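J.: Supplied in structure tokens, the structure appears directly below.
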Amino acid sequence: MSRRAFVRWLLAIGAVLVGLSAWFSLLVKKKFIPEEQAAAAPVATAEPPQASPEPSEEPLPLGPLMSFFILSDLHVTSGDSLPNKKLRLALDDVTHFDGPVDAIMLTGDLTDTGTEVDYKALRAIMNDYKLPPIHGNMGNHDYYTIWINKANSWDQDKVPNGKSDTISREQFKKFMGYTSIYNDFTANGHSILLLSQEAYVQEKPEVGEGAWYSDEQMAWFKGRMGNLYKPGRPLFVMTHQPLPPVGTDGATHQLIRAIQFRETLKPYKNVFVFCGHRHQDFQNGTPHYIQETFHYFHNASVGRTLNRAYQQTAQDKAQGIYVQVFADKVVVRGREFSTRKFIDEANWSVPLEKAHA
């Protein structure tokens with residue numbers, strides 16, 4: 001057979017196979033598909049992808065939106081090495097912490113006597129660490145410079161020892177780089193206000209160890225609450241002294257203008273207030289979280305953690321708070337810096353009230 005004849009033979013075979021395929025397809029259609037359906041059936045095409053239904057709400061972010069530590073009652077001093085050592089434990093933990101730290105709050109009693117010598121000791125410690133932004137307020141001990149004489153010794157008989165409450169405020173502002181002793185800041189869309197006592201016994205003997213806030217500070221506080229509050233988001237307030245019982249104003253060792261303070265917070269949801277001053281160990285059974293119209297937390301102490309009888313029986317303990325802000329909740333956890341572990345007795349997860357449409 002010639003090459004040309006072989007090609008013609010292959011073409012003929014192919015034509016026969018095509019014909020048989022068409023005849024078999026017709027038989028299948030007649031057997032399994034009704035004639036009218038087969039006639040109306042369109043040519044098969046790829047179906048367009050179906051649109052998935054829209055979710056009813058935007059999914060919540062999984063990770064924290066903001067995280068910060070609260071360190072209260074450091075009591076750094078040139079006259080006692082133990083509080084200084086404990087602050088180093090805390091800062092060692094913070095700087096090696098396995099989690100985000102957007103800021104550090106220092107809520108009062110940064111120093112033990114408020115003297116220039118104490119602030120130098122505090123600065124020397126902090127300079128040894130690469131720290132996130134630091135914000136702070138004044139505690140009663142930051143006004144104690146009036147009790148200290150030129151020899152850096154306690155001298156109650158010669159108060160104010162040539163010092164003044166004004167000097168204490170100026171030293172605090174210089175250390176923090178502030179123009180005012182009460183401040184606020186916003187990080188990652190979340191705001192924190194820090195209130196400070198404005199006078200001590202040199203100017204106002206009647207306040208004792210209490211936190212006195214002026215008319216100007218209270219007006220500032222009310223205005224900033226209104227400006228910074230965002231429905232559905234938490235707003236944080238830092239004080240040093242704790243509040244007295246509801247319905248009363250405070251006295252020594254308390255926030256004095258407490259009735260006005262609570263009234264300022266009353267219109268707002270999702271407000272979290274943190275105080276120091278009590279030094280109470282997270283593990284001694286004293287309450288550290290109270291729910292009022294706001295969420296109220298008492299911190300322990302870095303420099304001098306105390307038992308229920310206000311005794312420093314646990315010399316090795318140094319405690320603080322770690323706060324994480326999520327889209328739907330705020331998590332508050334007590335931290336033991338000496339062991340670099342969270343404290344089981346201090347673990348709160350507070351749901352946030354949603355903003356109304």
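Identifiers in the structure tokens: chain A, B, ... in order shown; residue index from 1 per chain; ligand index from 1 in order shown.
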Determine, counting only C-alpha atoms, which protein, DNA and RNA residues have an atom within 9 Å of an atom of A:Pro234; residues of the same chain fewer than 4 positions away are not included. Present the result as a PyMOL selection string.
T.: chain A and resi 190-191+229-230+269-272+325+329-330+352
J.: Using only C-alpha atoms, which protein or nucleic acid residues come within 9 Å of stretch 207-221 of chain A? Drop anything in the same chain fewer than 2 positions from it, and give the result as a VMD selection string.
T.: chain A and resid 139 to 141 182 193 195 to 201 204 to 205 223 to 226 239 to 242 250 to 257 260 to 261 264
J.: Give me, as a list in words, all polymer residues having an atom no more than 10 Å from A:Lys150, counting only C-alpha atoms and skipping those fewer than 6 positions away in the same chain.
T.: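 That gives Asn161, Gly162 and Lys163 of chain A.
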J.: Okay, now the selection with C-alpha atoms, as a short mmCIF file (atom, residue, chain, number, x, y, z; two decimals), in the first residue's frame?
T.:
```cif
data_model
loop_
_atom_site.label_atom_id
_atom_site.label_comp_id
_atom_site.auth_asym_id
_atom_site.auth_seq_id
_atom_site.Cartn_x
_atom_site.Cartn_y
_atom_site.Cartn_z
CA ASN A 161 13.52 71.80 105.91
CA GLY A 162 13.81 74.69 103.48
CA LYS A 163 11.69 72.79 100.90
#
```
J.: Calculated over only C-alpha atoms, which of the candidates A:Phe97, A:Tyr268, A:His288, A:Ser67 has the smallest distance to A:Phe342?
T.: A:Phe97
J.: Give the answer as one residue: which of A:Thr145, A:Asn137, A:Thr107, A:Ser72 has the shortest atom-to-atom distance to A:Met176, using only C-alpha atoms?
T.: A:Asn137
J.: Can you pull out every residue within 9 Å of A:Leu91, counting only C-alpha atoms, but drop anything in the same chain fewer than 3 positions away, and send it as number ranges by chain?
T.: A: 86-88, 94-96, 126, 129, 131, 337
J.: Take the residues from that selection and put them in a file with all heavy atoms, as a short mmCIF file (atom, residue, chain, number, x, y, z; two decimals), in the first residue's frame.
T.:
```
data_model
loop_
_atom_site.label_atom_id
_atom_site.label_comp_id
_atom_site.auth_asym_id
_atom_site.auth_seq_id
_atom_site.Cartn_x
_atom_site.Cartn_y
_atom_site.Cartn_z
N LYS A 86 14.07 45.45 93.44
CA LYS A 86 12.78 44.95 92.94
C LYS A 86 12.36 45.66 91.66
O LYS A 86 11.76 45.05 90.77
CB LYS A 86 11.71 45.12 94.02
CG LYS A 86 11.90 44.18 95.20
CD LYS A 86 10.75 44.31 96.18
CE LYS A 86 10.87 43.31 97.31
NZ LYS A 86 9.71 43.38 98.21
N LEU A 87 12.65 46.94 91.55
CA LEU A 87 12.35 47.63 90.29
C LEU A 87 13.15 47.03 89.16
O LEU A 87 12.63 46.86 88.04
CB LEU A 87 12.64 49.13 90.41
CG LEU A 87 12.41 49.93 89.12
CD1 LEU A 87 10.98 49.78 88.61
CD2 LEU A 87 12.77 51.41 89.33
N ARG A 88 14.37 46.67 89.41
CA ARG A 88 15.17 46.02 88.36
C ARG A 88 14.56 44.67 87.98
O ARG A 88 14.56 44.31 86.80
CB ARG A 88 16.61 45.84 88.83
CG ARG A 88 17.40 47.15 88.90
CD ARG A 88 18.87 46.91 89.15
NE ARG A 88 19.61 48.17 89.19
CZ ARG A 88 20.07 48.82 88.12
NH1 ARG A 88 19.85 48.29 86.90
NH2 ARG A 88 20.75 49.94 88.23
N VAL A 94 9.81 43.09 82.14
CA VAL A 94 9.11 43.85 81.10
C VAL A 94 9.90 43.86 79.80
O VAL A 94 9.34 43.68 78.71
CB VAL A 94 8.84 45.29 81.58
CG1 VAL A 94 8.34 46.16 80.42
CG2 VAL A 94 7.83 45.29 82.72
N THR A 95 11.20 44.04 79.89
CA THR A 95 12.00 44.16 78.67
C THR A 95 12.24 42.81 77.99
O THR A 95 12.64 42.77 76.82
CB THR A 95 13.36 44.83 78.96
OG1 THR A 95 14.00 44.15 80.04
CG2 THR A 95 13.16 46.29 79.32
N HIS A 96 12.02 41.72 78.71
CA HIS A 96 12.14 40.38 78.11
C HIS A 96 10.79 39.69 78.01
O HIS A 96 10.72 38.48 77.80
CB HIS A 96 13.11 39.51 78.94
CG HIS A 96 14.52 40.00 78.93
ND1 HIS A 96 15.01 40.89 79.85
CD2 HIS A 96 15.55 39.73 78.08
CE1 HIS A 96 16.28 41.14 79.59
NE2 HIS A 96 16.63 40.45 78.52
N MET A 126 16.55 53.26 85.41
CA MET A 126 15.81 53.24 84.14
C MET A 126 16.73 53.39 82.93
O MET A 126 16.44 52.86 81.86
CB MET A 126 14.74 54.32 84.14
CG MET A 126 13.61 54.02 85.10
SD MET A 126 12.20 55.10 84.86
CE MET A 126 10.92 54.15 85.68
N TYR A 129 17.89 50.30 80.84
CA TYR A 129 16.95 49.48 80.07
C TYR A 129 16.42 50.25 78.87
O TYR A 129 16.27 51.48 78.92
CB TYR A 129 15.77 49.06 80.95
CG TYR A 129 16.16 48.23 82.15
CD1 TYR A 129 16.50 48.83 83.35
CD2 TYR A 129 16.21 46.84 82.06
CE1 TYR A 129 16.89 48.08 84.45
CE2 TYR A 129 16.59 46.08 83.16
CZ TYR A 129 16.93 46.70 84.34
OH TYR A 129 17.32 45.95 85.42
N LEU A 131 13.25 50.90 77.25
CA LEU A 131 11.87 50.78 77.71
C LEU A 131 10.90 51.40 76.72
O LEU A 131 11.25 52.32 75.97
CB LEU A 131 11.71 51.46 79.07
CG LEU A 131 12.58 50.88 80.20
CD1 LEU A 131 12.52 51.79 81.43
CD2 LEU A 131 12.13 49.48 80.56
N PHE A 337 6.89 39.75 89.40
CA PHE A 337 8.10 40.02 88.63
C PHE A 337 9.29 39.20 89.09
O PHE A 337 10.21 38.93 88.31
CB PHE A 337 8.43 41.51 88.70
CG PHE A 337 7.37 42.38 88.08
CD1 PHE A 337 6.68 43.32 88.85
CD2 PHE A 337 7.05 42.28 86.73
CE1 PHE A 337 5.72 44.13 88.29
CE2 PHE A 337 6.08 43.09 86.16
CZ PHE A 337 5.41 44.01 86.96
#
```
J.: With only C-alpha atoms as the counted atoms, please give the residues lying no more than 10 Å from A:Tyr322, apart from itself and same-chain residues fewer than 2 positions off, as a ChimeraX atom specification.
T.: /A:67-71,94,101,104,320,324,331-335,342,347
J.: Calculate how many Å separate atom CA of A:Asp102 from atom CA of A:Lys222, rounding to one decimal.
T.: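 For atom CA of A:Asp102 relative to atom CA of A:Lys222, the distance reads 25.6 Å.
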J.: Taking only C-alpha atoms into account, name the residue in A:Glu116, A:Asp128, A:Asp93, A:Glu336 that is nearest to A:Ile148.
T.: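 Going through A:Glu116, A:Asp128, A:Asp93, A:Glu336 one by one, the smallest distance to A:Ile148 is for A:Glu116.
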J.: Could you tell me which of A:Val350, A:Ala314, A:Ala300, A:Ile167 comes closest to A:Asp328 if we count only C-alpha atoms?
T.: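 Among the listed residues, A:Val350 lies closest to A:Asp328.
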J.: Just want the 9 Å neighbourhood of A:Lys158, counted on only C-alpha atoms, with same-chain residues fewer than 5 positions away dropped. Output as a PyMOL selection string.
T.: chain A and resi 146-149
J.: Please, could you write that set of residues out with all heavy atoms as a compact mmCIF listing (two decimals), in the first residue's frame?
T.:
```txt
# COMPACT_ATOMS: atom_id res chain seq x y z
N ILE A 146 9.94 67.47 101.93
CA ILE A 146 9.89 68.45 103.03
C ILE A 146 10.32 67.83 104.37
O ILE A 146 10.68 68.56 105.30
CB ILE A 146 8.47 69.05 103.19
CG1 ILE A 146 7.46 67.97 103.55
CG2 ILE A 146 8.07 69.81 101.94
CD1 ILE A 146 6.09 68.53 103.95
N TRP A 147 10.31 66.49 104.46
CA TRP A 147 10.71 65.83 105.70
C TRP A 147 12.23 65.57 105.76
O TRP A 147 12.74 65.12 106.80
CB TRP A 147 10.02 64.47 105.83
CG TRP A 147 8.51 64.51 105.79
CD1 TRP A 147 7.71 64.18 104.73
CD2 TRP A 147 7.64 64.88 106.84
NE1 TRP A 147 6.38 64.32 105.05
CE2 TRP A 147 6.31 64.75 106.36
CE3 TRP A 147 7.83 65.30 108.17
CZ2 TRP A 147 5.19 65.04 107.13
CZ3 TRP A 147 6.71 65.58 108.95
CH2 TRP A 147 5.41 65.45 108.43
N ILE A 148 12.92 65.85 104.67
CA ILE A 148 14.33 65.47 104.55
C ILE A 148 15.22 66.72 104.65
O ILE A 148 15.02 67.70 103.93
CB ILE A 148 14.59 64.75 103.21
CG1 ILE A 148 13.61 63.58 103.04
CG2 ILE A 148 16.03 64.28 103.14
CD1 ILE A 148 13.68 62.54 104.14
N ASN A 149 16.23 66.66 105.53
CA ASN A 149 17.11 67.82 105.70
C ASN A 149 18.27 67.80 104.69
O ASN A 149 18.35 66.90 103.84
CB ASN A 149 17.63 67.90 107.14
CG ASN A 149 18.45 66.67 107.53
OD1 ASN A 149 19.02 65.97 106.68
ND2 ASN A 149 18.53 66.40 108.83
```
J.: I need the strand (DSSP E or B) residues of stretch 75-242 of chain A per DSSP on the backbone, written as a list in words.
T.: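 Selection result, strand (DSSP E or B) within stretch 75-242 of chain A: Val76, Ala103, Ile104, Met105, Leu106, Thr107, Thr111, Ile134, His135, Gly136, Asn137, Ile148, Trp154, Asn183, Asp184, Phe185, Thr186, Ala187, His190, Ser191, Ile192, Leu193, Leu194, Ala211, Leu235, Phe236, Val237 and Met238 of chain A.
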J.: Could you write out the selected residues, including N, CA and C atoms, as a CSV table (one decimal), in the first residue's frame?
T.:
```
chain,number,residue,atom,x,y,z
A,76,VAL,N,11.6,53.9,95.1
A,76,VAL,CA,13.1,53.9,94.9
A,76,VAL,C,13.7,55.0,95.8
A,103,ALA,N,3.3,50.5,76.5
A,103,ALA,CA,3.6,51.6,77.5
A,103,ALA,C,3.7,51.1,78.9
A,104,ILE,N,4.3,51.9,79.8
A,104,ILE,CA,4.4,51.6,81.2
A,104,ILE,C,3.8,52.7,82.0
A,105,MET,N,2.8,52.4,82.9
A,105,MET,CA,2.3,53.4,83.8
A,105,MET,C,2.9,53.3,85.1
A,106,LEU,N,3.4,54.5,85.7
A,106,LEU,CA,3.9,54.5,87.0
A,106,LEU,C,2.9,55.3,87.8
A,107,THR,N,2.1,54.6,88.6
A,107,THR,CA,1.0,55.2,89.3
A,107,THR,C,1.4,55.7,90.8
A,111,THR,N,9.3,57.5,94.0
A,111,THR,CA,10.4,57.6,94.9
A,111,THR,C,9.9,57.4,96.4
A,134,ILE,N,7.0,55.8,78.8
A,134,ILE,CA,6.6,55.8,80.3
A,134,ILE,C,5.8,57.0,80.6
A,135,HIS,N,4.7,56.7,81.4
A,135,HIS,CA,3.8,57.8,81.8
A,135,HIS,C,3.6,57.6,83.3
A,136,GLY,N,3.4,58.7,84.0
A,136,GLY,CA,3.2,58.6,85.5
A,136,GLY,C,2.4,59.7,86.1
A,137,ASN,N,2.1,59.5,87.4
A,137,ASN,CA,1.5,60.5,88.2
A,137,ASN,C,2.1,60.5,89.6
A,148,ILE,N,12.9,65.9,104.7
A,148,ILE,CA,14.3,65.5,104.6
A,148,ILE,C,15.2,66.7,104.7
A,154,TRP,N,15.9,62.1,107.7
A,154,TRP,CA,14.5,62.4,108.1
A,154,TRP,C,14.6,63.4,109.3
A,183,ASN,N,-2.0,64.4,83.3
A,183,ASN,CA,-1.8,64.3,81.8
A,183,ASN,C,-2.7,63.2,81.3
A,184,ASP,N,-2.7,63.2,79.9
A,184,ASP,CA,-3.4,62.0,79.2
A,184,ASP,C,-2.6,61.8,78.0
A,185,PHE,N,-2.7,60.6,77.4
A,185,PHE,CA,-2.1,60.2,76.2
A,185,PHE,C,-3.0,59.2,75.5
A,186,THR,N,-2.8,59.0,74.2
A,186,THR,CA,-3.6,58.0,73.4
A,186,THR,C,-2.6,57.2,72.6
A,187,ALA,N,-2.7,55.9,72.7
A,187,ALA,CA,-1.9,54.9,71.9
A,187,ALA,C,-2.8,53.9,71.3
A,190,HIS,N,-6.5,54.2,71.9
A,190,HIS,CA,-7.0,54.0,73.3
A,190,HIS,C,-6.4,55.0,74.2
A,191,SER,N,-7.2,55.7,75.1
A,191,SER,CA,-6.7,56.8,75.9
A,191,SER,C,-6.6,56.4,77.3
A,192,ILE,N,-5.6,57.1,78.0
A,192,ILE,CA,-5.3,56.9,79.4
A,192,ILE,C,-5.1,58.3,80.0
A,193,LEU,N,-5.9,58.5,81.1
A,193,LEU,CA,-5.7,59.8,81.9
A,193,LEU,C,-5.0,59.5,83.2
A,194,LEU,N,-4.1,60.4,83.6
A,194,LEU,CA,-3.3,60.2,84.8
A,194,LEU,C,-3.5,61.4,85.7
A,211,ALA,N,-5.2,62.5,98.5
A,211,ALA,CA,-5.0,63.1,97.2
A,211,ALA,C,-6.0,64.2,97.0
A,235,LEU,N,-11.8,53.3,78.3
A,235,LEU,CA,-11.1,54.5,78.6
A,235,LEU,C,-10.5,54.2,80.0
A,236,PHE,N,-9.2,54.5,80.2
A,236,PHE,CA,-8.5,54.2,81.4
A,236,PHE,C,-8.1,55.4,82.2
A,237,VAL,N,-8.2,55.3,83.5
A,237,VAL,CA,-7.9,56.4,84.4
A,237,VAL,C,-7.0,55.9,85.5
A,238,MET,N,-5.9,56.6,85.7
A,238,MET,CA,-4.9,56.2,86.8
A,238,MET,C,-4.9,57.2,87.9
```
J.: When you count only C-alpha atoms, which of these residues is closest to A:Thr113: A:Ser78, A:Met66, A:Lys130, A:Ile125?
T.: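 Ranking A:Ser78, A:Met66, A:Lys130, A:Ile125 by distance to A:Thr113, first place goes to A:Ser78.
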J.: Enumerate the residues of stretch 135-338 of chain A with a DSSP assignment of helix (DSSP H, G or I), computed from the backbone, and present them as a PyMOL selection string.
T.: chain A and resi 140-147+156-158+165-176+205-207+215-228+258-265
J.: Considering only C-alpha atoms, can you say which of A:Tyr310, A:Tyr289, A:Tyr119, A:Tyr178 comes closest to A:Ser349?
T.: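 Residue with the minimum atom-to-atom distance to A:Ser349: A:Tyr289.
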J.: Would you work out the distance separating atom CA of A:Pro351 from atom CA of A:Asp281, expressed in Å to one decimal?
T.: 25.2 Å
